[in-house]
Amino acid sequence: MAHSEIKRVGVTGATGHLGQFVMAELQRCGYETLAISRHWQKTADSNSSQGIALDLSDAKSVEAAGQLLEIDAMVHLAGYIPDDTNENLEVDAEKTLTQNVGGMLHLLTALKTSRRLKSFVYASSFEVYGVPNQPLIDESHSTEPLSFYGASKLAGEKYLSIFSADGVHCTSLRFPAIYGPGDRLRRAIGNFIASVANEENITVCGDGSDRRDLIYVADAARAIVLCLDKPAPAVLNIGSGGFSILEMAQAAQSLGRDLKIITAEQAKAKFDYVLNSGLAQKTLNWSPQISLLEGMRQQLRWYQSLPEHANCEALLE
Amino acid sequence: MALKVAVIGGSGFVGRHIVRRLIREFGAVINIDRQAPGEICQGERLIDFDISATTMDALVKSCGELDVIVWLAAAIRQVTTIDASAGEDLAMMVEAPLRFLAAQRKKPQKLVYISSVQVYGKPVYLPVDENHPTDPFTVYGVAKLCAENYMRIACRKSAVDFTALRLAFVYGPGQHAKNVIPVFFAKVLKSEPPLIHADGTEIRDDVFVEDIAEAVVKAIQSKKCGIYNIASGEPNTLLSVAEKICESSGASTAPVVGSGKSSWIDRWYSVAKAKNELQFEPTPLLKGLEKTWLTLK
């Protein structure tokens with residue numbers, strides 16, 4: 001199944017939420033993998049050809065990582081994601097710059113000398129766009145990020161675009177919120193799942209008509225792996241088409257027993273944020289396979305398997 | 001109103017013009033630069049400080065409370081591949097201004113960030129206006145774009161007005177770079193013709209350095225904020241630039257033109273937004289060249 005030219009794929013952020021699904025998908029498709037992560041730990045049955053511990057914000061160690069020259073494709077997922085509850089703190093500015101922008105730069109600098117690298121897939125974010133000026137955001141929408149995270153992801157895309165001029169096929173995938181097993185962020189889905197697990201009523205702010213795009217983690221992983229051996233455009237939206245907050249709440253409600261949906265006052269102005277992912281469907285022959293209900297069921301199952309699911313935040317790295 | 005303004009990177013070619021113009025407007029200015037200028041202006045206070053320092057507390061203390069910050073510090077370059085200096089670009093153009101702003105205990109009213117038309121990359125239409133897509137093909141352009149976004153967000157969070165000026169190619173008195181205009185003037189000074197390698201039809205946009213200084217003052221004084229092209233708004237072929245240099249200097253020589261198309265990407269920039277919102281009026285190329293020539297002959 002794997003592309004004849006691409007055998008070995010490096011994955012940064014391999015131990016993260018999306019990373020674990022990407023590793024599984026790559027292995028399912030017959031690729032060899034090199035896990036790259038700050039948290040990589042050698043286990044009894046692993047050897048150095050399977051993974052390396054690497055902090056991408058450290059230019060010198062990235063440069064010294066010779067294993068990077070032995071991969072045919074790179075999937076770059078690693079990055080600092082600020083906690084949603086602390087919007088745009090100074091520490092976010094610094095960490096997104098050093099880890100996300102700096103990390104990309106160090107990685108590309110190290111890979112410049114590679115003779116094997118054919119393909120580079122980068123997990124970017126819908127936060128690059130900023131305030132939507134069309135109901136469905138397509139890839140040509142203006143980019144005025146409202147968050148440091150969005151600004152860092154955009155800068156990564158731009159460095160990658162310059163890198164691609166050297167003949168490596170590069171694709172930036174702009175993902176909305178990624179949910180599913182391993183999603184520790186307390187956004188709408190995470191909050192609803194926690195409510196179900198704790199057998200609490202589900203709180204929706206406002207009338208719940210705001211539409212948000214999101215994507216199930218395994219669907220996101222499939223899109224990434226498809227980019228490796230398809231001539232994908234340089235930038236692609238990877239979304240599900242969006243759901244209203246109320247639809248998410250109702251899905252959660254159906255996963256629980258006798259839970260009510262309660263309405264709270266809406267703090268923020270109503271806004272919709274939905275991506276047009278038509279280009280990805282056309283060029284990658286990809287579409288989301290997992291329904292919202294099924295995706296949330298998987299996330300709930302994972303959440304309930306956590307040692308102390310009632311206190312999820314304590315597990316944040 | 002006498003505003004207290006600090007310019008970061010005021011000792012270079014463009015910086016000198018900005019510093020002088022700001023002194024004329026506000027009486028005094030702080031210039032933060034590791035390099036001392038050839039001549040310190042009356043009203044200029046030079047602070048020798050390495051902006052790559054991890055803490056800016058000493059600098060902020062030395063400056064006192066500021067009304068306006070003008071961030072100019074950058075090492076201009078035209079590299080089109082990822083290179084070892086890309087990280088230094090980020091440190092100087094993004095990390096340092098972020099840290100400087102964060103260190104201000106009382107935030108300034110406004111931050112004027114000097115950016116570059118390199119943020120646009122290859123034009124998909126001409127003239128390039130501020131809504132044009134931003135796909136830089138230089139690492140310098142990427143760093144400038146990154147800086148614009150980070151500073152816009154940081155300023156919004158601190159309730160500081162933010163304006164970015166995207167400069168086209170700058171020319172004028174005091175320029176020593178190996179850009180086309182000073183190179184052509186150097187030829188004319190030696191009574192030699194300016195040499196054009198290709199057919200001279202490539203379109204470019206050169207903005208007079210005094211217009212930059214004027215734009216900075218207008219950006220500071222305006223109630224408007226945002227992103228503005230600061231260019232000549234005047235598309236010139238390389239041949240017409242060379243001809244105007246000959247004309248401005250009264251030289252009897254004419255440019256020598258080669259043949260064939262150069263690999264140059266034609267570009268020029270709309271200044272309609274700066275004209276409307278900042279009352280920016282660019283100097284015509286010939287007039288700017290004449291003023292430049294007066295300082296050379």
# chains A, B, ... in the order shown; residues from 1 in each chain; ligands from 1
>>> interface_residues(of="chain A", to="chain B", cutoff="6 Å", atoms="only C-alpha atoms", output="PyMOL selection string")
chain A and resi 151+155+162
>>> write_last_selection(atoms="C-alpha atoms", output="CSV table (one decimal), in the first residue's frame")
chain,number,residue,atom,x,y,z
A,151,ALA,CA,0.4,33.1,14.3
A,155,ALA,CA,4.7,31.2,10.3
A,162,ILE,CA,10.1,28.3,1.2
>>> residues_around(residues="Val60 of chain B", least_positions_apart="3", cutoff="8 Å", atoms="only C-alpha atoms", output="list in words")
Met56, Asp57, Cys63, Gly64, Glu65, Phe100, Ala103 and Gln104 of chain B
>>> select_by_dssp(residues="segment 22-219 of chain B", states="strand (DSSP E)", output="PyMOL selection string")
chain B and resi 29-32+44-47+68-71+110-116+161-167+169-171+195-196+203-204+206-208
>>> residues_around(residues="Ile23 of chain B", least_positions_apart="6", cutoff="10 Å", atoms="only C-alpha atoms", output="list in words")
Ala2, Val5, Val29, Ile30, Cys41, Gln42, Gly43 and Glu44 of chain B
>>> residues_around(residues="segment 13-16 of chain A", least_positions_apart="2", cutoff="8 Å", atoms="only C-alpha atoms", output="list in words")
Val11, Leu18, Gly19, Gln20, Val22, Met23, Ala35, Ile36, Ser37, Arg38, His39, Trp40, His76, Leu77, Ala78 and Gly79 of chain A
>>> write_last_selection(atoms="N, CA and C atoms", output="compact mmCIF listing (two decimals), in the first residue's frame")
# COMPACT_ATOMS: atom_id res chain seq x y z
N VAL A 11 7.87 10.98 12.51
CA VAL A 11 6.68 11.65 13.06
C VAL A 11 7.09 12.42 14.32
N LEU A 18 -2.80 13.34 18.51
CA LEU A 18 -2.89 13.00 17.10
C LEU A 18 -1.78 12.03 16.70
N GLY A 19 -0.60 12.23 17.31
CA GLY A 19 0.58 11.43 16.96
C GLY A 19 0.36 9.93 17.09
N GLN A 20 -0.30 9.54 18.15
CA GLN A 20 -0.51 8.10 18.37
C GLN A 20 -1.39 7.50 17.26
N VAL A 22 -1.64 8.78 14.19
CA VAL A 22 -0.86 8.82 12.95
C VAL A 22 0.10 7.63 12.90
N MET A 23 0.75 7.34 14.02
CA MET A 23 1.68 6.19 14.07
C MET A 23 0.93 4.90 13.73
N ALA A 35 9.62 7.51 15.46
CA ALA A 35 8.91 8.40 16.39
C ALA A 35 9.88 9.45 16.91
N ILE A 36 9.46 10.71 16.86
CA ILE A 36 10.30 11.81 17.35
C ILE A 36 9.48 12.57 18.39
N SER A 37 9.99 12.57 19.61
CA SER A 37 9.21 13.19 20.67
C SER A 37 10.11 13.53 21.85
N ARG A 38 9.75 14.60 22.51
CA ARG A 38 10.48 14.93 23.75
C ARG A 38 10.27 13.83 24.78
N HIS A 39 9.12 13.17 24.66
CA HIS A 39 8.74 12.19 25.68
C HIS A 39 9.05 10.76 25.27
N TRP A 40 9.79 10.59 24.16
CA TRP A 40 10.08 9.24 23.72
C TRP A 40 10.94 8.52 24.77
N HIS A 76 5.06 16.37 10.64
CA HIS A 76 5.42 17.25 11.75
C HIS A 76 4.16 17.68 12.52
N LEU A 77 3.99 17.08 13.68
CA LEU A 77 2.80 17.33 14.50
C LEU A 77 3.13 18.08 15.78
N ALA A 78 4.39 17.99 16.22
CA ALA A 78 4.75 18.51 17.55
C ALA A 78 4.49 20.01 17.63
N GLY A 79 4.03 20.44 18.76
CA GLY A 79 3.84 21.86 18.97
C GLY A 79 3.25 22.14 20.33
>>> residues_around(residues="Val19 of chain B", least_positions_apart="6", cutoff="12 Å", atoms="only C-alpha atoms", output="PyMOL selection string")
chain B and resi 5-13+25-33+37+39-46+70-72+209-210+212-214+216-217
>>> write_last_selection(atoms="N, CA and C atoms", output="mmCIF file, in the first residue's frame")
data_model
loop_
_atom_site.group_PDB
_atom_site.id
_atom_site.type_symbol
_atom_site.label_atom_id
_atom_site.label_comp_id
_atom_site.auth_asym_id
_atom_site.auth_seq_id
_atom_site.Cartn_x
_atom_site.Cartn_y
_atom_site.Cartn_z
ATOM 1 N N VAL B 5 8.934 59.316 22.235
ATOM 2 C CA VAL B 5 9.040 58.248 21.248
ATOM 3 C C VAL B 5 10.396 57.573 21.350
ATOM 4 N N ALA B 6 10.396 56.260 21.278
ATOM 5 C CA ALA B 6 11.654 55.506 21.182
ATOM 6 C C ALA B 6 11.694 54.780 19.846
ATOM 7 N N VAL B 7 12.820 54.912 19.162
ATOM 8 C CA VAL B 7 13.048 54.181 17.921
ATOM 9 C C VAL B 7 14.046 53.077 18.223
ATOM 10 N N ILE B 8 13.704 51.852 17.875
ATOM 11 C CA ILE B 8 14.657 50.763 18.078
ATOM 12 C C ILE B 8 15.299 50.470 16.737
ATOM 13 N N GLY B 9 16.593 50.708 16.673
ATOM 14 C CA GLY B 9 17.317 50.563 15.418
ATOM 15 C C GLY B 9 17.363 51.860 14.641
ATOM 16 N N GLY B 10 17.690 52.962 15.334
ATOM 17 C CA GLY B 10 17.661 54.279 14.696
ATOM 18 C C GLY B 10 18.999 54.740 14.137
ATOM 19 N N SER B 11 19.997 53.845 14.088
ATOM 20 C CA SER B 11 21.313 54.287 13.628
ATOM 21 C C SER B 11 21.601 53.932 12.173
ATOM 22 N N GLY B 12 20.737 53.154 11.562
ATOM 23 C CA GLY B 12 20.980 52.747 10.177
ATOM 24 C C GLY B 12 20.507 53.803 9.188
ATOM 25 N N PHE B 13 20.525 53.438 7.925
ATOM 26 C CA PHE B 13 20.161 54.361 6.837
ATOM 27 C C PHE B 13 18.747 54.931 7.033
ATOM 28 N N GLU B 25 9.543 66.863 14.807
ATOM 29 C CA GLU B 25 8.126 66.873 15.189
ATOM 30 C C GLU B 25 7.926 66.998 16.696
ATOM 31 N N PHE B 26 8.734 66.230 17.439
ATOM 32 C CA PHE B 26 8.448 66.099 18.881
ATOM 33 C C PHE B 26 9.559 66.689 19.771
ATOM 34 N N GLY B 27 10.618 67.215 19.177
ATOM 35 C CA GLY B 27 11.684 67.847 19.942
ATOM 36 C C GLY B 27 12.774 66.914 20.414
ATOM 37 N N ALA B 28 12.406 65.656 20.699
ATOM 38 C CA ALA B 28 13.415 64.720 21.212
ATOM 39 C C ALA B 28 13.015 63.300 20.832
ATOM 40 N N VAL B 29 13.984 62.414 20.838
ATOM 41 C CA VAL B 29 13.695 61.016 20.556
ATOM 42 C C VAL B 29 14.768 60.137 21.213
ATOM 43 N N ILE B 30 14.350 58.943 21.606
ATOM 44 C CA ILE B 30 15.313 57.966 22.133
ATOM 45 C C ILE B 30 15.657 57.008 21.000
ATOM 46 N N ASN B 31 16.942 56.795 20.786
ATOM 47 C CA ASN B 31 17.387 55.836 19.777
ATOM 48 C C ASN B 31 18.080 54.673 20.475
ATOM 49 N N ILE B 32 17.468 53.498 20.367
ATOM 50 C CA ILE B 32 18.048 52.313 21.002
ATOM 51 C C ILE B 32 18.762 51.511 19.920
ATOM 52 N N ASP B 33 20.066 51.476 20.011
ATOM 53 C CA ASP B 33 20.858 50.809 18.972
ATOM 54 C C ASP B 33 22.227 50.472 19.544
ATOM 55 N N PRO B 37 25.327 56.207 15.769
ATOM 56 C CA PRO B 37 25.265 56.799 14.427
ATOM 57 C C PRO B 37 26.508 57.634 14.172
ATOM 58 N N GLU B 39 26.713 60.640 13.463
ATOM 59 C CA GLU B 39 26.585 61.913 14.169
ATOM 60 C C GLU B 39 25.303 61.868 14.989
ATOM 61 N N ILE B 40 25.411 62.134 16.282
ATOM 62 C CA ILE B 40 24.209 62.127 17.125
ATOM 63 C C ILE B 40 23.508 63.472 16.976
ATOM 64 N N CYS B 41 22.199 63.425 16.713
ATOM 65 C CA CYS B 41 21.442 64.657 16.486
ATOM 66 C C CYS B 41 21.164 65.362 17.814
ATOM 67 N N GLN B 42 20.938 66.663 17.715
ATOM 68 C CA GLN B 42 20.516 67.397 18.898
ATOM 69 C C GLN B 42 19.088 66.955 19.221
ATOM 70 N N GLY B 43 18.856 66.539 20.454
ATOM 71 C CA GLY B 43 17.542 66.027 20.829
ATOM 72 C C GLY B 43 17.481 64.505 20.801
ATOM 73 N N GLU B 44 18.534 63.883 20.316
ATOM 74 C CA GLU B 44 18.575 62.416 20.259
ATOM 75 C C GLU B 44 19.290 61.884 21.496
ATOM 76 N N ARG B 45 18.644 60.896 22.136
ATOM 77 C CA ARG B 45 19.320 60.230 23.244
ATOM 78 C C ARG B 45 19.608 58.804 22.807
ATOM 79 N N LEU B 46 20.885 58.489 22.691
ATOM 80 C CA LEU B 46 21.273 57.148 22.251
ATOM 81 C C LEU B 46 21.395 56.220 23.452
ATOM 82 N N VAL B 70 8.667 52.822 18.037
ATOM 83 C CA VAL B 70 8.834 52.583 16.592
ATOM 84 C C VAL B 70 9.880 51.484 16.438
ATOM 85 N N TRP B 71 9.436 50.298 16.008
ATOM 86 C CA TRP B 71 10.381 49.171 15.921
ATOM 87 C C TRP B 71 10.875 49.019 14.485
ATOM 88 N N LEU B 72 12.179 49.218 14.346
ATOM 89 C CA LEU B 72 12.793 49.197 13.028
ATOM 90 C C LEU B 72 13.859 48.111 12.940
ATOM 91 N N VAL B 209 13.402 57.740 1.019
ATOM 92 C CA VAL B 209 13.580 57.504 2.461
ATOM 93 C C VAL B 209 12.897 58.582 3.313
ATOM 94 N N GLU B 210 12.848 59.823 2.821
ATOM 95 C CA GLU B 210 12.186 60.871 3.606
ATOM 96 C C GLU B 210 10.670 60.621 3.697
ATOM 97 N N ILE B 212 9.424 57.703 4.135
ATOM 98 C CA ILE B 212 9.275 56.724 5.222
ATOM 99 C C ILE B 212 9.157 57.472 6.550
ATOM 100 N N ALA B 213 10.091 58.426 6.732
ATOM 101 C CA ALA B 213 10.093 59.201 7.978
ATOM 102 C C ALA B 213 8.772 59.958 8.136
ATOM 103 N N GLU B 214 8.291 60.510 7.017
ATOM 104 C CA GLU B 214 7.012 61.230 7.027
ATOM 105 C C GLU B 214 5.871 60.273 7.396
ATOM 106 N N VAL B 216 6.028 57.570 9.149
ATOM 107 C CA VAL B 216 6.107 57.195 10.561
ATOM 108 C C VAL B 216 5.438 58.270 11.420
ATOM 109 N N VAL B 217 5.741 59.534 11.137
ATOM 110 C CA VAL B 217 5.126 60.632 11.899
ATOM 111 C C VAL B 217 3.607 60.600 11.717
#
>>> residues_around(residues="Gln299 of chain A", least_positions_apart="4", cutoff="7 Å", atoms="only C-alpha atoms", output="list in words")
Gly180, Pro181, Gly295 and Tyr303 of chain A
>>> write_last_selection(atoms="N, CA and C atoms", output="short mmCIF file (atom, residue, chain, number, x, y, z; two decimals), in the first residue's frame")
data_model
loop_
_atom_site.label_atom_id
_atom_site.label_comp_id
_atom_site.auth_asym_id
_atom_site.auth_seq_id
_atom_site.Cartn_x
_atom_site.Cartn_y
_atom_site.Cartn_z
N GLY A 180 -11.59 13.16 20.18
CA GLY A 180 -11.47 11.70 20.18
C GLY A 180 -10.61 11.26 21.35
N PRO A 181 -10.36 9.96 21.47
CA PRO A 181 -9.56 9.47 22.59
C PRO A 181 -8.23 10.23 22.67
N GLY A 295 -17.69 9.21 17.35
CA GLY A 295 -16.45 9.82 17.82
C GLY A 295 -16.53 10.17 19.30
N TYR A 303 -12.09 8.37 28.14
CA TYR A 303 -12.12 9.24 29.31
C TYR A 303 -12.44 8.43 30.56
#
